[in-house]
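Structure file work.cif with mmCIF, C-alpha atoms:
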```cif
data_structure
loop_
_atom_site.label_atom_id
_atom_site.label_comp_id
_atom_site.auth_asym_id
_atom_site.auth_seq_id
_atom_site.Cartn_x
_atom_site.Cartn_y
_atom_site.Cartn_z
CA SER P 60 128.33 40.30 134.63
CA ALA P 61 130.02 43.53 133.60
CA PRO P 62 128.25 46.73 134.70
CA THR P 63 126.21 48.49 132.00
CA PRO P 64 128.10 51.57 130.82
CA ALA P 65 126.42 54.84 131.71
CA PRO P 66 124.77 56.57 128.73
CA ALA P 67 126.88 59.33 127.20
CA PRO P 68 125.72 62.79 128.30
CA VAL P 69 123.55 64.51 125.72
CA ALA P 70 125.10 67.76 124.57
CA ALA P 71 122.85 70.70 125.44
CA LYS P 72 121.52 72.42 122.35
CA ALA P 73 122.93 75.90 121.99
CA VAL P 74 120.07 78.39 122.17
CA THR P 75 120.58 81.24 119.76
CA PRO P 76 119.24 84.38 121.41
CA GLN P 77 116.53 85.93 119.28
CA LYS P 78 117.51 89.26 117.78
CA PRO P 79 115.07 91.87 119.08
CA ALA P 80 112.71 93.28 116.46
CA ASP P 81 113.76 96.52 114.77
CA THR P 82 110.36 97.98 115.59
CA GLY P 83 108.17 98.50 118.64
CA TRP P 84 104.81 100.13 119.39
CA TRP P 85 103.67 103.22 121.25
CA GLY P 86 100.14 103.09 122.62
CA VAL P 87 97.92 105.95 121.39
CA TYR P 88 95.72 107.33 124.17
CA ASP P 89 92.63 109.46 123.52
CA LEU P 90 92.32 112.11 126.26
CA SER P 91 88.75 112.98 125.28
CA GLN P 92 87.67 109.35 125.75
CA SER P 93 90.13 108.47 128.57
CA ALA P 94 90.95 105.27 126.67
CA PHE P 95 93.53 103.72 124.39
CA VAL P 96 92.46 103.83 120.75
CA GLY P 97 95.37 102.18 118.97
CA SER P 98 99.11 101.95 118.45
CA SER P 99 101.83 103.62 116.42
CA ILE P 100 104.82 101.69 115.07
CA ALA P 101 108.30 103.09 115.75
CA MET P 102 111.95 102.13 115.29
CA ARG P 103 113.79 100.93 118.40
CA ALA P 104 116.96 102.61 117.16
CA ASP P 105 115.31 105.99 117.78
CA LEU P 106 115.39 105.33 121.53
CA VAL P 107 119.18 105.62 121.47
CA GLY P 108 119.91 108.13 118.72
CA PRO P 109 118.35 110.47 116.17
CA PRO P 110 116.93 108.95 112.98
CA PRO P 111 119.04 109.17 109.82
CA GLU P 112 118.54 112.17 107.53
CA ASP P 113 119.26 110.28 104.33
CA ASP P 114 116.03 109.51 102.40
CA ALA P 115 117.28 106.10 101.19
CA LYS P 116 117.93 105.01 104.79
CA LEU P 117 114.57 106.37 105.92
CA LEU P 118 112.82 104.46 103.12
CA LYS P 119 114.51 101.24 104.25
CA ARG P 120 113.23 101.80 107.79
CA ASP P 121 109.71 102.58 106.55
CA LEU P 122 109.63 99.34 104.53
CA VAL P 123 110.74 97.29 107.56
CA ALA P 124 107.98 98.96 109.61
CA LEU P 125 105.35 98.37 106.90
CA THR P 126 106.24 94.66 106.87
CA ASP P 127 105.88 94.54 110.67
CA VAL P 128 102.54 96.38 110.51
CA GLN P 129 101.29 93.81 108.01
CA ALA P 130 102.33 90.98 110.36
CA ALA P 131 100.72 92.71 113.37
CA LEU P 132 97.39 93.03 111.55
CA LYS P 133 97.10 89.22 111.61
CA THR P 134 97.22 89.04 115.41
CA ALA P 135 96.35 92.50 116.77
CA SER P 136 92.59 92.78 116.65
CA PHE P 137 92.20 96.04 118.61
CA GLY P 138 92.29 99.63 117.53
CA GLU P 139 93.86 101.93 115.02
CA ILE P 140 97.33 101.15 113.66
CA GLN P 141 99.62 103.99 112.56
CA ALA P 142 102.38 103.38 110.01
CA SER P 143 105.12 105.86 109.07
CA PHE P 144 106.01 107.37 105.70
CA GLY P 145 108.71 109.91 104.85
CA PHE P 146 107.38 113.06 103.17
CA TRP P 147 110.13 113.29 100.54
CA ASN P 148 110.04 109.57 99.79
CA LEU P 149 106.30 109.83 99.13
CA ILE P 150 106.94 112.25 96.26
CA THR P 151 109.94 110.40 94.74
CA PRO P 152 108.82 108.01 91.96
CA ALA P 153 111.26 105.18 92.82
CA SER P 154 110.37 105.31 96.53
CA GLN P 155 106.65 105.49 95.68
CA GLU P 156 107.05 102.21 93.78
CA SER P 157 108.73 100.59 96.80
CA TYR P 158 105.88 101.72 99.06
CA LYS P 159 103.26 100.54 96.54
CA ALA P 160 104.84 97.09 96.25
CA ARG P 161 104.73 96.68 100.04
CA LEU P 162 101.18 98.01 100.37
CA SER P 163 99.87 95.75 97.60
CA ARG P 164 100.09 92.89 100.15
CA TYR P 165 97.93 94.66 102.73
CA PRO P 166 94.50 93.11 103.41
CA LEU P 167 91.73 95.42 102.20
CA ASP P 168 89.56 94.66 105.21
CA ALA P 169 92.24 96.26 107.45
CA ARG P 170 91.95 99.64 105.69
CA PRO P 171 89.45 101.23 108.16
CA ARG P 172 91.96 100.67 111.00
CA LEU P 173 95.01 102.07 109.23
CA THR P 174 96.42 105.59 109.47
CA ALA P 175 99.35 106.78 107.35
CA SER P 176 101.52 109.03 109.51
CA ILE P 177 103.75 111.28 107.39
CA TYR P 178 106.93 112.66 108.98
CA GLY P 179 109.54 115.12 107.72
CA ALA P 180 107.11 117.54 106.07
CA PRO P 181 108.32 121.10 105.50
CA ARG P 182 106.38 123.78 107.36
CA GLU P 183 104.77 125.06 104.16
CA ALA P 184 103.97 121.61 102.76
CA SER P 185 102.40 122.06 99.33
CA ILE P 186 98.70 121.14 99.20
CA GLY P 187 99.25 119.53 95.79
CA MET P 188 101.91 117.23 97.26
CA LEU P 189 99.69 116.27 100.19
CA GLN P 190 96.81 115.55 97.80
CA GLN P 191 99.15 113.36 95.72
CA MET P 192 100.09 111.44 98.90
CA ARG P 193 96.46 111.03 99.85
CA ALA P 194 95.74 109.53 96.42
CA LEU P 195 98.75 107.20 96.67
CA LEU P 196 97.91 105.94 100.17
CA SER P 197 94.12 105.92 100.18
CA GLY P 198 93.89 102.39 98.74
CA ALA P 199 95.37 100.92 101.94
CA PHE P 200 94.85 103.66 104.56
CA ALA P 201 91.58 105.23 105.68
CA ALA P 202 93.21 108.18 107.47
CA MET P 203 96.21 110.46 107.02
CA ASP P 204 98.19 112.14 109.81
CA LEU P 205 100.92 114.76 109.40
CA ARG P 206 103.72 114.72 112.00
CA ILE P 207 105.15 118.19 112.61
CA THR P 208 107.82 119.70 114.86
CA ASP P 209 106.69 123.32 114.41
CA PRO P 210 103.65 124.00 116.63
CA THR P 211 102.70 127.00 114.46
CA PHE P 212 102.05 124.80 111.39
CA PRO P 213 99.59 126.75 109.16
CA VAL P 214 96.63 124.34 109.34
CA GLN P 215 94.24 127.09 108.27
CA GLY P 216 95.56 126.86 104.70
CA LEU P 217 94.59 123.21 104.23
CA PRO P 218 91.55 122.15 102.22
CA PRO P 219 88.91 120.24 104.23
CA GLU P 220 89.19 116.44 104.51
CA LEU P 221 92.82 116.28 103.40
CA LEU P 222 94.09 115.26 106.87
CA GLU P 223 92.34 113.56 109.79
CA SER P 224 94.99 114.63 112.30
CA VAL P 225 98.18 116.60 112.86
CA THR P 226 100.65 115.27 115.43
CA LEU P 227 103.12 117.62 117.09
CA VAL P 228 106.30 115.66 117.93
CA LEU P 229 107.82 117.29 121.03
CA SER P 230 111.51 117.97 120.54
CA GLY P 231 112.67 120.54 123.11
CA GLU P 232 115.72 119.89 125.26
CA THR P 233 114.00 121.00 128.47
CA GLU P 234 110.51 120.44 129.83
CA HIS P 235 110.03 124.23 129.68
CA ASP P 236 110.73 124.21 125.90
CA ARG P 237 108.37 121.31 125.40
CA LEU P 238 105.57 122.91 127.42
CA LYS P 239 105.95 126.08 125.31
CA GLN P 240 105.49 123.95 122.18
CA ILE P 241 102.30 122.40 123.61
CA LEU P 242 100.91 125.87 124.47
CA LYS P 243 101.71 127.28 121.00
CA PHE P 244 100.03 124.27 119.41
CA ALA P 245 96.99 124.72 121.68
CA GLU P 246 96.65 128.39 120.70
CA ARG P 247 95.61 127.18 117.24
CA LYS P 248 92.81 124.99 118.56
CA SER P 249 90.02 126.91 116.82
CA ALA P 250 91.80 126.70 113.44
CA TYR P 251 92.09 122.91 113.84
CA ALA P 252 88.45 122.64 114.92
CA ALA P 253 87.38 124.67 111.85
CA LYS P 254 89.14 122.14 109.60
CA ALA P 255 87.88 119.13 111.64
CA VAL P 256 91.51 118.05 112.13
CA MET P 257 92.44 116.33 115.41
CA GLN P 258 95.34 117.79 117.40
CA CYS P 259 97.67 115.06 118.70
CA VAL P 260 101.03 115.15 120.50
CA ALA P 261 103.80 112.53 120.32
CA ASN P 262 106.93 112.00 122.43
CA VAL P 263 105.09 113.05 125.60
CA SER P 264 107.70 112.24 128.26
CA SER P 265 106.41 113.35 131.67
CA THR P 266 103.31 113.75 133.81
CA VAL P 267 103.64 117.53 133.50
CA GLU P 268 103.61 117.32 129.68
CA LEU P 269 100.68 114.93 129.77
CA GLU P 270 98.70 117.24 132.05
CA ALA P 271 99.55 120.21 129.79
CA CYS P 272 98.19 118.29 126.78
CA LYS P 273 95.03 117.53 128.75
CA ALA P 274 94.56 121.16 129.81
CA ALA P 275 95.20 122.32 126.23
CA GLY P 276 92.45 120.12 124.82
CA VAL P 277 94.82 117.92 122.80
CA VAL P 278 92.81 114.91 121.59
CA ARG P 279 95.42 112.13 121.45
CA VAL P 280 98.84 111.53 122.97
CA GLN P 281 101.65 108.99 122.67
CA GLY P 282 105.20 108.66 124.00
CA PRO P 283 107.20 107.42 127.01
CA ALA P 284 104.77 108.97 129.54
CA ILE P 285 101.88 107.02 127.98
CA THR P 286 103.42 103.57 127.41
CA ASP P 287 106.86 102.08 127.11
CA LEU P 288 107.87 101.09 123.57
CA MET P 289 106.02 97.75 123.48
CA ASP P 290 106.67 94.51 121.58
CA SER P 291 103.12 94.40 120.22
CA PRO P 292 100.20 96.82 119.76
CA VAL P 293 97.89 97.77 122.63
CA ALA P 294 95.28 95.02 123.05
CA ALA P 295 92.38 96.90 124.70
CA ALA P 296 90.97 100.35 125.40
CA ASP P 297 91.24 100.17 129.18
CA GLY P 298 94.31 101.17 131.18
CA ALA P 299 95.86 104.47 132.25
CA PRO P 300 98.92 106.18 130.81
CA LEU P 301 102.13 105.28 132.67
CA ALA P 302 102.62 108.80 133.98
CA LEU P 303 99.13 108.87 135.49
CA ALA P 304 99.44 105.34 136.85
CA LYS P 305 102.78 106.25 138.48
CA SER P 306 101.46 109.51 139.93
CA ALA P 307 98.46 107.66 141.36
CA ALA P 308 100.65 104.93 142.91
#
```
Starting from the file, lay out its structure as structure tokens.
Amino acid sequence: SAPTPAPAPVAAKAVTPQKPADTGWWGVYDLSQSAFVGSSIAMRADLVGPPPEDDAKLLKRDLVALTDVQAALKTASFGEIQASFGFWNLITPASQESYKARLSRYPLDARPRLTASIYGAPREASIGMLQQMRALLSGAFAAMDLRITDPTFPVQGLPPELLESVTLVLSGETEHDRLKQILKFAERKSAYAAKAVMQCVANVSSTVELEACKAAGVVRVQGPAITDLMDSPVAAADGAPLALAKSAA
């Protein structure tokens, strides 16, 4: 009898590589507790270049991040979650509506874990504007953080209970510049304590900067010396910042 023909080879299915997410997560480490307390969402694009200056582009990024925060809340059961908002977009009626539409989908039971982190504020941010933001965001967020680049931000002028924290985002070209920023920020420790506002530092990039934050009494830190930009939020309190883990190795 004639030999049975061999079966035709099955064509391998082409695997489409998954596009990496636009966002990632920095772990937030509490130096006073020596433990991770949560995570802050960030745009991956910022690892390779500066963020756009255009408010419409910044709003688009914020909305992408807010959608990803909402998704993360379903699976990430640990810690505080920080989401970003642009200062000028928060006072523009059309942008406010876009934020509100996105936040209307947020689960109310997640509110105690959520911090609204506001970037791009002018040095003399008007108290009225900040109060307006607090009113807009308080339905979905329990806490409000102001991200600053000027370490001499006049915290003493703020009314009590307007902000839970102020985060200095390090921006100097050299480690020397960045250490000077940390020291200037630390000089205002008593003013922050008087307002019960936590001092935090972001974009901490080396062991030296991390140690300077520790010595200065900064409460919380985040940045490349603490964790890499991760695919998902930190899952537990334990663990050491990368810079400390590397220096101990």
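Going from CA of Gln129 in chain P to CA of Asp290 in chain P covers 14.6 Å.
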Handout entry: Contacts of range 262-272 of chain P at 8 Å (all atoms listed in the file; same-chain gap of 2+ positions) as a list in words
Key = Val228, Leu229, Ser230, Glu234, Arg237, Leu238, Ile241, Leu242, Val260, Ala274, Ala275, Gly276, Val277, Val280, Gln281, Gly282, Pro283, Ala284, Ile285, Ala302, Leu303 and Ser306 of chain P
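The nearest approach to Gly97 in chain P among the residues P:Ala253, P:Ala307, P:Ala295, P:Ala124, with all atoms listed in the file taken into account, belongs to P:Ala295.
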Practice task
Figure out the distance between CA of Leu205 in chain P and CA of Ser249 in chain P, please, to one decimal in Å.
Solution key: 17.9 Å
Practice task
Could you expand the PyMOL selection byres ((chain P and resi 173) around 10) into the explicit residues it covers here, written as a PyMOL selection string?
Solution key: chain P and resi 97+128+132+138-142+169-172+174-176+197+199-203
Practice task
Identify, on the basis of only C-alpha atoms, every residue whose closest approach to Thr82 in chain P does not exceed 6 Å; exclude the query and any residue fewer than 2 positions from it along the same chain; express the result as a PyMOL selection string.
Solution key: chain P and resi 80+101-103
Exercise for the section: Take the PyMOL selection byres ((chain P and resi 158) around 9), apply it to the structure above, and return the hits as a ChimeraX atom specification. Expected result: /P:118,121-122,125,144,148-149,153-157,159-163
Go ahead and save the picked residues with C-alpha atoms, as a PDB file, in the coordinates of the input.
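Saved to result-v3.pdb:
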```pdb
ATOM      1  CA  LEU P 118     112.820 104.460 103.120  1.00  0.00           C
ATOM      2  CA  ASP P 121     109.710 102.580 106.550  1.00  0.00           C
ATOM      3  CA  LEU P 122     109.630  99.340 104.530  1.00  0.00           C
ATOM      4  CA  LEU P 125     105.350  98.370 106.900  1.00  0.00           C
ATOM      5  CA  PHE P 144     106.010 107.370 105.700  1.00  0.00           C
ATOM      6  CA  ASN P 148     110.040 109.570  99.790  1.00  0.00           C
ATOM      7  CA  LEU P 149     106.300 109.830  99.130  1.00  0.00           C
ATOM      8  CA  ALA P 153     111.260 105.180  92.820  1.00  0.00           C
ATOM      9  CA  SER P 154     110.370 105.310  96.530  1.00  0.00           C
ATOM     10  CA  GLN P 155     106.650 105.490  95.680  1.00  0.00           C
ATOM     11  CA  GLU P 156     107.050 102.210  93.780  1.00  0.00           C
ATOM     12  CA  SER P 157     108.730 100.590  96.800  1.00  0.00           C
ATOM     13  CA  LYS P 159     103.260 100.540  96.540  1.00  0.00           C
ATOM     14  CA  ALA P 160     104.840  97.090  96.250  1.00  0.00           C
ATOM     15  CA  ARG P 161     104.730  96.680 100.040  1.00  0.00           C
ATOM     16  CA  LEU P 162     101.180  98.010 100.370  1.00  0.00           C
ATOM     17  CA  SER P 163      99.870  95.750  97.600  1.00  0.00           C
TER      18      SER P 163
END
```
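Against the coordinates shown, the PyMOL selection byres ((chain P and resi 207) around 7) returns Tyr178, Ala180, Leu205, Arg206, Thr208, Asp209, Thr226, Leu227 and Val228 of chain P.
Put simply, CA of Pro109 in chain P is 26.3 Å away from CA of Ala245 in chain P.
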Find the residues of range 253-290 of chain P that sit at most 9 Å from range 214-221 of chain P; for each, write down the nearest two atoms and how far apart they are in Å, to one decimal. Count only C-alpha atoms. Sort by chain, then by number going up, and give it as a tab-separated table.
```
residue	atom	partner	partner_atom	distance
P:Ala253	CA	P:Gln215	CA	8.1
P:Lys254	CA	P:Pro219	CA	5.7
P:Ala255	CA	P:Pro219	CA	7.6
P:Val256	CA	P:Glu220	CA	8.1
```
